[in-house]
Amino acid sequence: MSKTIREQTVEQLGGGSSILVRQRREHQEMDRLMDRYRSLDDAHERERVLKQVVQLVFSHAFAEETLLWPAVRASVPDGEELTARVEEEHQQINDLVADIERLPAGAPEREAKVQRAFALIRQDIRDEEDLLLPRLQDVMKTARLRTLGTAWAAVRQTAPTHPHPVVPRRPPGNALLGVPLSVYDRVRDALGIGGSAVREREGDARPGGDAR
């Protein structure tokens, strides 16, 4: 198996448009934002950075679940097991962030949930970069990695930016429900609207399709 994608050059990963490079680049930005959040004392600035983390993590994960993980399952011998593992991590992150968005800033339990979400995001990054993506690299040609990267980037632009209990982890259900919710998410992001209202609208119940 190829070594972790963290330690490879852009050329080894297939060039700037490769899905492997695009994934690593966004993972690095997640790490940078989480580190910045921890370094800040100003409550308003911390909230701004937290929103950036949430928006990046959820649009990134949606594109993975819509396009990248199906490609892994179709190409990698143990792709089903590997993607099930990261989908479970995504679901745990989804649930934690939904709780965070229900709680007011400054609530004692909120910061503990933020730190737990950050720990899960970092674990998810490591699992993807050390286990899952090297397996894909071993079986997929460079041209295909680049094509997949371009398609993934397009999906990213129309992905939800917040957690939604009604959205399943796998296509076609995630696309059917996720794309309309993306419009709503991006409007409220632009207007600076918080997440509690949509959490109340959706409720806590998850349809059967939300399971892997």
# chains A, B, ... in the order shown; residues from 1 in each chain; ligands from 1
>>> residues_around(residues="Arg24 of chain A", least_positions_apart="2", cutoff="8 Å", atoms="only C-alpha atoms", output="list in words")
Ile5, Arg6, Leu20, Val21, Arg22, Glu26, His27, Gln28 and Glu129 of chain A
>>> write_last_selection(atoms="all heavy atoms", output="tab-separated table (two decimals), in the first residue's frame")
chain	number	residue	atom	x	y	z
A	5	ILE	N	-0.83	9.95	2.44
A	5	ILE	CA	-0.75	11.04	1.47
A	5	ILE	C	-0.15	12.30	2.09
A	5	ILE	O	0.22	13.23	1.37
A	5	ILE	CB	-2.10	11.34	0.81
A	5	ILE	CG1	-3.09	11.97	1.81
A	5	ILE	CG2	-2.68	10.09	0.17
A	5	ILE	CD1	-4.32	12.54	1.14
A	6	ARG	N	-0.05	12.35	3.41
A	6	ARG	CA	0.58	13.51	4.07
A	6	ARG	C	2.04	13.66	3.66
A	6	ARG	O	2.57	14.76	3.63
A	6	ARG	CB	0.52	13.35	5.59
A	6	ARG	CG	-0.78	13.74	6.23
A	6	ARG	CD	-0.71	13.53	7.74
A	6	ARG	NE	-0.56	12.11	8.08
A	6	ARG	CZ	-0.18	11.67	9.26
A	6	ARG	NH1	0.14	12.52	10.21
A	6	ARG	NH2	-0.10	10.38	9.49
A	20	LEU	N	-6.63	13.44	-4.52
A	20	LEU	CA	-5.78	13.26	-3.35
A	20	LEU	C	-5.21	14.59	-2.88
A	20	LEU	O	-5.15	14.86	-1.67
A	20	LEU	CB	-4.65	12.28	-3.66
A	20	LEU	CG	-5.07	10.90	-4.18
A	20	LEU	CD1	-3.84	10.06	-4.51
A	20	LEU	CD2	-5.96	10.18	-3.18
A	21	VAL	N	-4.78	15.42	-3.81
A	21	VAL	CA	-4.25	16.73	-3.45
A	21	VAL	C	-5.35	17.64	-2.93
A	21	VAL	O	-5.17	18.36	-1.93
A	21	VAL	CB	-3.54	17.37	-4.67
A	21	VAL	CG1	-3.12	18.81	-4.36
A	21	VAL	CG2	-2.33	16.54	-5.08
A	22	ARG	N	-6.50	17.61	-3.58
A	22	ARG	CA	-7.63	18.44	-3.13
A	22	ARG	C	-8.06	18.05	-1.71
A	22	ARG	O	-8.34	18.92	-0.88
A	22	ARG	CB	-8.80	18.31	-4.09
A	22	ARG	CG	-8.54	18.90	-5.48
A	22	ARG	CD	-9.74	18.65	-6.38
A	22	ARG	NE	-9.52	18.99	-7.76
A	22	ARG	CZ	-9.71	20.18	-8.31
A	22	ARG	NH1	-10.11	21.19	-7.56
A	22	ARG	NH2	-9.50	20.38	-9.60
A	26	GLU	N	-7.68	20.58	1.74
A	26	GLU	CA	-8.78	20.98	2.62
A	26	GLU	C	-8.58	20.45	4.04
A	26	GLU	O	-8.96	21.10	5.01
A	26	GLU	CB	-10.12	20.53	2.03
A	26	GLU	CG	-10.49	21.30	0.79
A	26	GLU	CD	-11.97	21.42	0.57
A	26	GLU	OE1	-12.75	20.64	1.17
A	26	GLU	OE2	-12.38	22.29	-0.22
A	27	HIS	N	-7.99	19.27	4.16
A	27	HIS	CA	-7.67	18.77	5.50
A	27	HIS	C	-6.71	19.72	6.21
A	27	HIS	O	-6.85	19.99	7.41
A	27	HIS	CB	-7.04	17.38	5.40
A	27	HIS	CG	-7.99	16.31	4.99
A	27	HIS	ND1	-7.57	15.07	4.56
A	27	HIS	CD2	-9.35	16.28	4.94
A	27	HIS	CE1	-8.62	14.33	4.27
A	27	HIS	NE2	-9.71	15.04	4.48
A	28	GLN	N	-5.73	20.22	5.49
A	28	GLN	CA	-4.78	21.16	6.08
A	28	GLN	C	-5.48	22.45	6.53
A	28	GLN	O	-5.15	23.01	7.57
A	28	GLN	CB	-3.67	21.47	5.08
A	28	GLN	CG	-2.73	20.30	4.82
A	28	GLN	CD	-1.79	20.54	3.65
A	28	GLN	OE1	-2.04	21.38	2.78
A	28	GLN	NE2	-0.69	19.80	3.62
A	129	GLU	N	-6.34	9.91	5.31
A	129	GLU	CA	-5.03	10.12	4.70
A	129	GLU	C	-4.09	8.93	4.89
A	129	GLU	O	-3.22	8.69	4.04
A	129	GLU	CB	-4.39	11.39	5.27
A	129	GLU	CG	-5.14	12.66	4.88
A	129	GLU	CD	-4.37	13.92	5.21
A	129	GLU	OE1	-3.30	13.83	5.83
A	129	GLU	OE2	-4.86	15.01	4.83
>>> residues_around(residues="Pro160 of chain A", least_positions_apart="3", cutoff="8 Å", atoms="only C-alpha atoms", output="mmCIF file with all heavy atoms, in the first residue's frame")
data_model
loop_
_atom_site.group_PDB
_atom_site.id
_atom_site.type_symbol
_atom_site.label_atom_id
_atom_site.label_comp_id
_atom_site.auth_asym_id
_atom_site.auth_seq_id
_atom_site.Cartn_x
_atom_site.Cartn_y
_atom_site.Cartn_z
ATOM 1 N N GLN A 55 -18.633 25.048 8.131
ATOM 2 C CA GLN A 55 -18.958 25.164 6.716
ATOM 3 C C GLN A 55 -18.020 24.331 5.856
ATOM 4 O O GLN A 55 -18.462 23.653 4.918
ATOM 5 C CB GLN A 55 -18.918 26.639 6.294
ATOM 6 C CG GLN A 55 -20.046 27.469 6.886
ATOM 7 C CD GLN A 55 -19.801 28.963 6.784
ATOM 8 O OE1 GLN A 55 -18.870 29.400 6.119
ATOM 9 N NE2 GLN A 55 -20.635 29.745 7.452
ATOM 10 N N PHE A 58 -18.560 20.296 6.548
ATOM 11 C CA PHE A 58 -19.773 19.667 6.034
ATOM 12 C C PHE A 58 -19.859 19.685 4.510
ATOM 13 O O PHE A 58 -20.351 18.721 3.911
ATOM 14 C CB PHE A 58 -21.011 20.288 6.692
ATOM 15 C CG PHE A 58 -21.226 19.732 8.061
ATOM 16 C CD1 PHE A 58 -20.685 20.357 9.169
ATOM 17 C CD2 PHE A 58 -21.904 18.548 8.245
ATOM 18 C CE1 PHE A 58 -20.830 19.817 10.432
ATOM 19 C CE2 PHE A 58 -22.065 17.993 9.503
ATOM 20 C CZ PHE A 58 -21.526 18.636 10.603
ATOM 21 N N SER A 59 -19.375 20.726 3.879
ATOM 22 C CA SER A 59 -19.356 20.704 2.411
ATOM 23 C C SER A 59 -18.342 19.680 1.909
ATOM 24 O O SER A 59 -18.584 18.964 0.926
ATOM 25 C CB SER A 59 -19.042 22.097 1.854
ATOM 26 O OG SER A 59 -17.805 22.584 2.339
ATOM 27 N N PHE A 62 -19.823 16.114 2.471
ATOM 28 C CA PHE A 62 -20.905 15.825 1.526
ATOM 29 C C PHE A 62 -20.341 15.409 0.167
ATOM 30 O O PHE A 62 -20.819 14.452 -0.450
ATOM 31 C CB PHE A 62 -21.797 17.055 1.359
ATOM 32 C CG PHE A 62 -22.966 16.835 0.432
ATOM 33 C CD1 PHE A 62 -24.146 16.283 0.908
ATOM 34 C CD2 PHE A 62 -22.885 17.192 -0.906
ATOM 35 C CE1 PHE A 62 -25.229 16.078 0.053
ATOM 36 C CE2 PHE A 62 -23.955 16.993 -1.764
ATOM 37 C CZ PHE A 62 -25.128 16.433 -1.281
ATOM 38 N N PRO A 163 -24.920 20.596 9.567
ATOM 39 C CA PRO A 163 -25.474 19.262 9.765
ATOM 40 C C PRO A 163 -26.979 19.240 9.547
ATOM 41 O O PRO A 163 -27.674 20.196 9.893
ATOM 42 C CB PRO A 163 -25.132 18.957 11.230
ATOM 43 C CG PRO A 163 -25.040 20.294 11.886
ATOM 44 C CD PRO A 163 -24.459 21.206 10.838
ATOM 45 N N GLY A 178 -29.823 16.684 0.095
ATOM 46 C CA GLY A 178 -28.760 17.607 0.437
ATOM 47 C C GLY A 178 -28.674 18.836 -0.435
ATOM 48 O O GLY A 178 -28.411 19.937 0.057
ATOM 49 N N VAL A 179 -28.893 18.684 -1.726
ATOM 50 C CA VAL A 179 -28.737 19.833 -2.628
ATOM 51 C C VAL A 179 -29.753 20.937 -2.326
ATOM 52 O O VAL A 179 -29.381 22.115 -2.236
ATOM 53 C CB VAL A 179 -28.791 19.379 -4.096
ATOM 54 C CG1 VAL A 179 -28.831 20.584 -5.027
ATOM 55 C CG2 VAL A 179 -27.575 18.499 -4.421
ATOM 56 N N LEU A 181 -31.158 21.571 0.552
ATOM 57 C CA LEU A 181 -30.755 22.141 1.828
ATOM 58 C C LEU A 181 -29.523 23.018 1.692
ATOM 59 O O LEU A 181 -29.322 23.949 2.475
ATOM 60 C CB LEU A 181 -30.498 21.025 2.841
ATOM 61 C CG LEU A 181 -31.749 20.334 3.387
ATOM 62 C CD1 LEU A 181 -31.362 19.082 4.168
ATOM 63 C CD2 LEU A 181 -32.562 21.276 4.254
ATOM 64 N N SER A 182 -28.689 22.727 0.706
ATOM 65 C CA SER A 182 -27.501 23.540 0.471
ATOM 66 C C SER A 182 -27.875 24.990 0.172
ATOM 67 O O SER A 182 -27.218 25.923 0.643
ATOM 68 C CB SER A 182 -26.693 22.959 -0.689
ATOM 69 O OG SER A 182 -25.653 23.837 -1.061
ATOM 70 N N VAL A 183 -28.917 25.180 -0.611
ATOM 71 C CA VAL A 183 -29.353 26.542 -0.941
ATOM 72 C C VAL A 183 -29.736 27.286 0.331
ATOM 73 O O VAL A 183 -29.326 28.432 0.557
ATOM 74 C CB VAL A 183 -30.536 26.501 -1.927
ATOM 75 C CG1 VAL A 183 -31.050 27.905 -2.194
ATOM 76 C CG2 VAL A 183 -30.119 25.827 -3.226
ATOM 77 N N ASP A 185 -28.764 26.571 3.423
ATOM 78 C CA ASP A 185 -27.561 26.780 4.230
ATOM 79 C C ASP A 185 -26.780 27.994 3.764
ATOM 80 O O ASP A 185 -26.328 28.816 4.572
ATOM 81 C CB ASP A 185 -26.652 25.558 4.151
ATOM 82 C CG ASP A 185 -27.093 24.425 5.069
ATOM 83 O OD1 ASP A 185 -28.049 24.617 5.836
ATOM 84 O OD2 ASP A 185 -26.468 23.352 5.003
ATOM 85 N N ARG A 186 -26.594 28.096 2.469
ATOM 86 C CA ARG A 186 -25.741 29.158 1.953
ATOM 87 C C ARG A 186 -26.400 30.532 2.071
ATOM 88 O O ARG A 186 -25.722 31.545 2.253
ATOM 89 C CB ARG A 186 -25.311 28.836 0.524
ATOM 90 C CG ARG A 186 -24.330 27.660 0.500
ATOM 91 C CD ARG A 186 -24.085 27.059 -0.869
ATOM 92 N NE ARG A 186 -23.305 25.841 -0.745
ATOM 93 C CZ ARG A 186 -21.974 25.758 -0.741
ATOM 94 N NH1 ARG A 186 -21.272 26.875 -0.853
ATOM 95 N NH2 ARG A 186 -21.354 24.614 -0.611
#
>>> closest_residue(among="A:Ala112, A:Val76, A:Ala105, A:Ile125", to="Val57 of chain A", atoms="only C-alpha atoms")
A:Ile125
>>> residues_around(residues="Glu47 of chain A", least_positions_apart="5", cutoff="9 Å", atoms="only C-alpha atoms", output="ChimeraX atom specification")
/A:37,42,52,105
>>> residues_around(residues="Glu109 of chain A", least_positions_apart="6", cutoff="12 Å", atoms="only C-alpha atoms", output="ChimeraX atom specification")
/A:96,99-103,115-116
>>> closest_residue(among="A:Gly14, A:Val49, A:Arg170, A:Arg146", to="Leu33 of chain A", atoms="only C-alpha atoms")
A:Val49
>>> select_by_dssp(residues="segment 43-136 of chain A", states="alpha helix (DSSP H)", output="JSON, numbers by chain")
{"A": [43, 44, 45, 46, 47, 48, 49, 50, 51, 52, 53, 54, 55, 56, 57, 58, 59, 60, 61, 62, 63, 69, 70, 71, 72, 73, 74, 75, 79, 80, 81, 82, 83, 84, 85, 86, 87, 88, 89, 90, 91, 92, 93, 94, 95, 96, 97, 98, 99, 100, 101, 102, 108, 109, 110, 111, 112, 113, 114, 115, 116, 117, 118, 119, 120, 121, 122, 123, 124, 125, 126, 127, 133, 134, 135, 136]}
>>> atom_distance(atom1="atom CA of Leu133 of chain A", atom2="atom CA of Asn174 of chain A")
21.7 Å
>>> atom_distance(atom1="atom CA of Pro171 of chain A", atom2="atom CA of Leu82 of chain A")
16.7 Å
>>> atom_distance(atom1="atom CA of Ser39 of chain A", atom2="atom CA of Asp127 of chain A")
25.3 Å
